[in-house]
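Colleague: Just passing along the structure, written as structure tokens.
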Amino acid sequence: MTSPLYDLPFHLNYFIDLPLIVLWWWFAGTRIDCGLLGTAAYRRRRTWIAVTAGATIVLVATLAWSISEEITFYRTFPSAVGYGFLRFFGDVRSLPLYLWLIVLISAFGTAAFRLIRKRAQAAPVTLISRRGKRVSAFILSIYIACVCGYFAHEKTLERQRQAEYDLHSIIVRGKVIDDRGVPIKAIEVHLVPMFKTGDIQSYETVHDWTNDKGEYTLRPEEVGNYFLAVLWNAAPDHKHPFLTRYYPDEATQEGAATLTLTAEKHLDLALMKLHELPLVRVPVSVSWSNGKLEPDATVYFTNKLYLKQGPIGQEARQPDDDGKMSLPANFDYTAGANVECEGGQSKHQAYTREVEFTTKPAGLPTEPIRLVLLGDPCTVWHPK
């Protein structure tokens with residue numbers, strides 16, 4: 001969702017920003033800089049020295065970190081035209097951030113220096129009369145009320161536009177819970193077109209991830225017959241230890257209900273309940289060919305019943321502090337590991353050979369699954 005300011009014509013945007021800019025510069029010139037313009041004084045000198053000096057350090061660190069990130073990106077991807085260290089010089093929209101950092105560093109730094117040198121003005125100065133304060137407060141109140149009213153109006157219009165769009169859309173809603181009645185968060189739900197086949201069916205499947213309440217909303221663009229599945233063709237993993245389930249409550253596609261969707265149809269489906277599979281802890285060890293352990297390696301697992309999926313959970317992860325990793329029980333797996341090595345202007349990967357194992361009770365590993373990285377130890381690349 002974009003800010004309403006981006007939808008405004010430039011001149012209207014300017015009129016909203018201008019009072020804020022003027023107010024900020026007045027505040028910086030008469031308050032933050034502790035007399036940088038020779039118009040203000042402060043009590044509790046030591047406290048203000050600490051505040052201004054601390055703010056200066058934080059702002060300098062922020063600016064240094066931003067520049068460091070740009071340099072790191074440029075060195076990592078030197079072929080990325082228009083990016084890297086010089087990116088913020090080429091992108092006008094990024095310039096205000098760096099300019100404000102420089103201005104604030106100058107203001108806070110100068111204020112701290114003057115306070116330390118005891119050069120702040122000794123006596124306070126009356127900057128505005130009581131009548132002027134009342135008038136300014138009244139004008140500011142009117143301005144704030146107008147801005148708040150504008151944003152409330154924009155929010156109302158946005159809701160109206162969304163409601164109108166939804167009215168003419170196909171919408172399928174539902175909710176997913178586990179066998180304890182707890183909503184399942186961030187699990188993938190697929191609405192699969194039955195009028196498509198092969199790879200086209202997979203590509204044109206409509207999908208969504210459930211929110212914190214376990215709710216999903218699907219918006220197919222084509223009318224026709226569909227079936228709905230949770231974790232369609234996906235292996236269970238440690239975050240979502242569930243088997244594929246078809247609506248309304250079937251283990252196979254043959255028993256799935258056919259959802260006939262016509263233009264502008266809104267369909268609220270019944271709850272889908274998934275049965276949670278047990279997890280087991282598997283010990284894993286990653287080392288180099290010479291026996292040196294590699295704690296920064298990431299490990300991935302493939303469920304042998306879901307070879308087309310690739311790594312389960314679509315991720316590689318590191319072992320926990322106890323050297324073990326959680327996996328759904330009663331499956332056969334292959335395990336592998338890799339590490340990203342620094343190589344000057346580029347990076348390269350070091351891999352292990354894959355190792356087969358099972359989480360079935362009869363063959364559950366008790367000794368660490370040993371994954372050996374091919375080649376000599378390298379300097380591991382770490383994002384900065």
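Quick note on naming: the chains in the structure tokens go A, B, ... in the order shown, residues restart at 1 in each chain, and ligands are numbered from 1 in order of appearance.
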Extract, using only C-alpha atoms, all DNA, RNA and protein residues at most 7 Å from region 338-353 of chain A, discarding same-chain residues fewer than 6 positions from it, and format them as a list in words.
Modeller: Arg75, Thr76, Asp296, Ala297, Thr298, Val299, Leu371, Val372, Leu373, Leu374, Cys378, Thr379, Val380 and Trp381 of chain A
Colleague: From a DSSP pass on the backbone, collect the residues of region 198-284 of chain A flagged as alpha helix (DSSP H) and hand them back as a count of residues only.
Modeller: 6
Colleague: I'd like the contact shell of Gln201 (chain A) - 12 Å cut-off, only C-alpha atoms, skipping same-chain residues fewer than 6 positions apart - returned as a list in words.
Modeller: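 These residues fall inside the cut-off: His190, Leu191, Val192, Pro193, Met194, Phe195, Tyr226 and Phe227 of chain A.
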Colleague: Enter the distance from CA of Asp249 (chain A) to CA of Asp268 (chain A), in Å, rounded to one decimal.
Modeller: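 That distance, rounded to one decimal, is 15.4 Å.
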Colleague: For a test of reading the model, state the distance in Å between CA of Ser326 (chain A) and CA of Leu277 (chain A), rounded to one decimal.
Modeller: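 So the two atoms, CA of Ser326 (chain A) and CA of Leu277 (chain A), lie 11.9 Å apart.
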Colleague: Can you tell me, as a VMD selection string, what residues are no more than 7 Å from Leu279 (chain A) when counting only C-alpha atoms, ignoring any on the same chain fewer than 5 positions away?
Modeller: chain A and resid 326 to 329
Colleague: Keeping only N, CA, C and O atoms, write those residues as a PDB file, in the first residue's frame.
Modeller:
ATOM      1  N   SER A 326      15.409 -30.297  13.491  1.00  0.00           N
ATOM      2  CA  SER A 326      14.089 -30.932  13.572  1.00  0.00           C
ATOM      3  C   SER A 326      13.578 -31.296  12.185  1.00  0.00           C
ATOM      4  O   SER A 326      13.689 -30.496  11.242  1.00  0.00           O
ATOM      5  N   LEU A 327      13.004 -32.489  12.086  1.00  0.00           N
ATOM      6  CA  LEU A 327      12.417 -32.959  10.834  1.00  0.00           C
ATOM      7  C   LEU A 327      11.165 -33.781  11.146  1.00  0.00           C
ATOM      8  O   LEU A 327      11.092 -34.429  12.201  1.00  0.00           O
ATOM      9  N   PRO A 328      10.180 -33.781  10.231  1.00  0.00           N
ATOM     10  CA  PRO A 328       9.030 -34.665  10.414  1.00  0.00           C
ATOM     11  C   PRO A 328       9.463 -36.127  10.433  1.00  0.00           C
ATOM     12  O   PRO A 328      10.335 -36.548   9.662  1.00  0.00           O
ATOM     13  N   ALA A 329       8.856 -36.900  11.300  1.00  0.00           N
ATOM     14  CA  ALA A 329       9.224 -38.309  11.467  1.00  0.00           C
ATOM     15  C   ALA A 329       8.620 -39.175  10.369  1.00  0.00           C
ATOM     16  O   ALA A 329       7.674 -38.777   9.666  1.00  0.00           O
TER      17      ALA A 329
END
Colleague: Here is a test: counting only C-alpha atoms, which residue of A:Gly109, A:His238, A:Thr72, A:Thr334 is nearest to Gly54 (chain A)?
Modeller: A:Gly109
Colleague: What does the distance from CA of Arg46 (chain A) to CA of Lys133 (chain A) come to in Å, to one decimal?
Modeller: 29.1 Å
Colleague: Can you pull out every residue within 9 Å of Val51 (chain A), counting only C-alpha atoms, but drop anything in the same chain fewer than 4 positions away, and send it as a list in words?
Modeller: Arg46, Thr47, Ala55, Thr56, Phe108 and Ala112 of chain A
Colleague: Once you have the residues from the selection above, write them out as a PDB file, in the first residue's frame, restricted to C-alpha atoms.
Modeller:
ATOM      1  CA  ARG A  46      26.105  18.521  30.991  1.00  0.00           C
ATOM      2  CA  THR A  47      22.872  16.771  30.112  1.00  0.00           C
ATOM      3  CA  ALA A  55      23.070  12.073  18.771  1.00  0.00           C
ATOM      4  CA  THR A  56      26.130  13.044  16.731  1.00  0.00           C
ATOM      5  CA  PHE A 108      24.392  18.300  16.689  1.00  0.00           C
ATOM      6  CA  ALA A 112      28.083  19.720  21.375  1.00  0.00           C
TER       7      ALA A 112
END
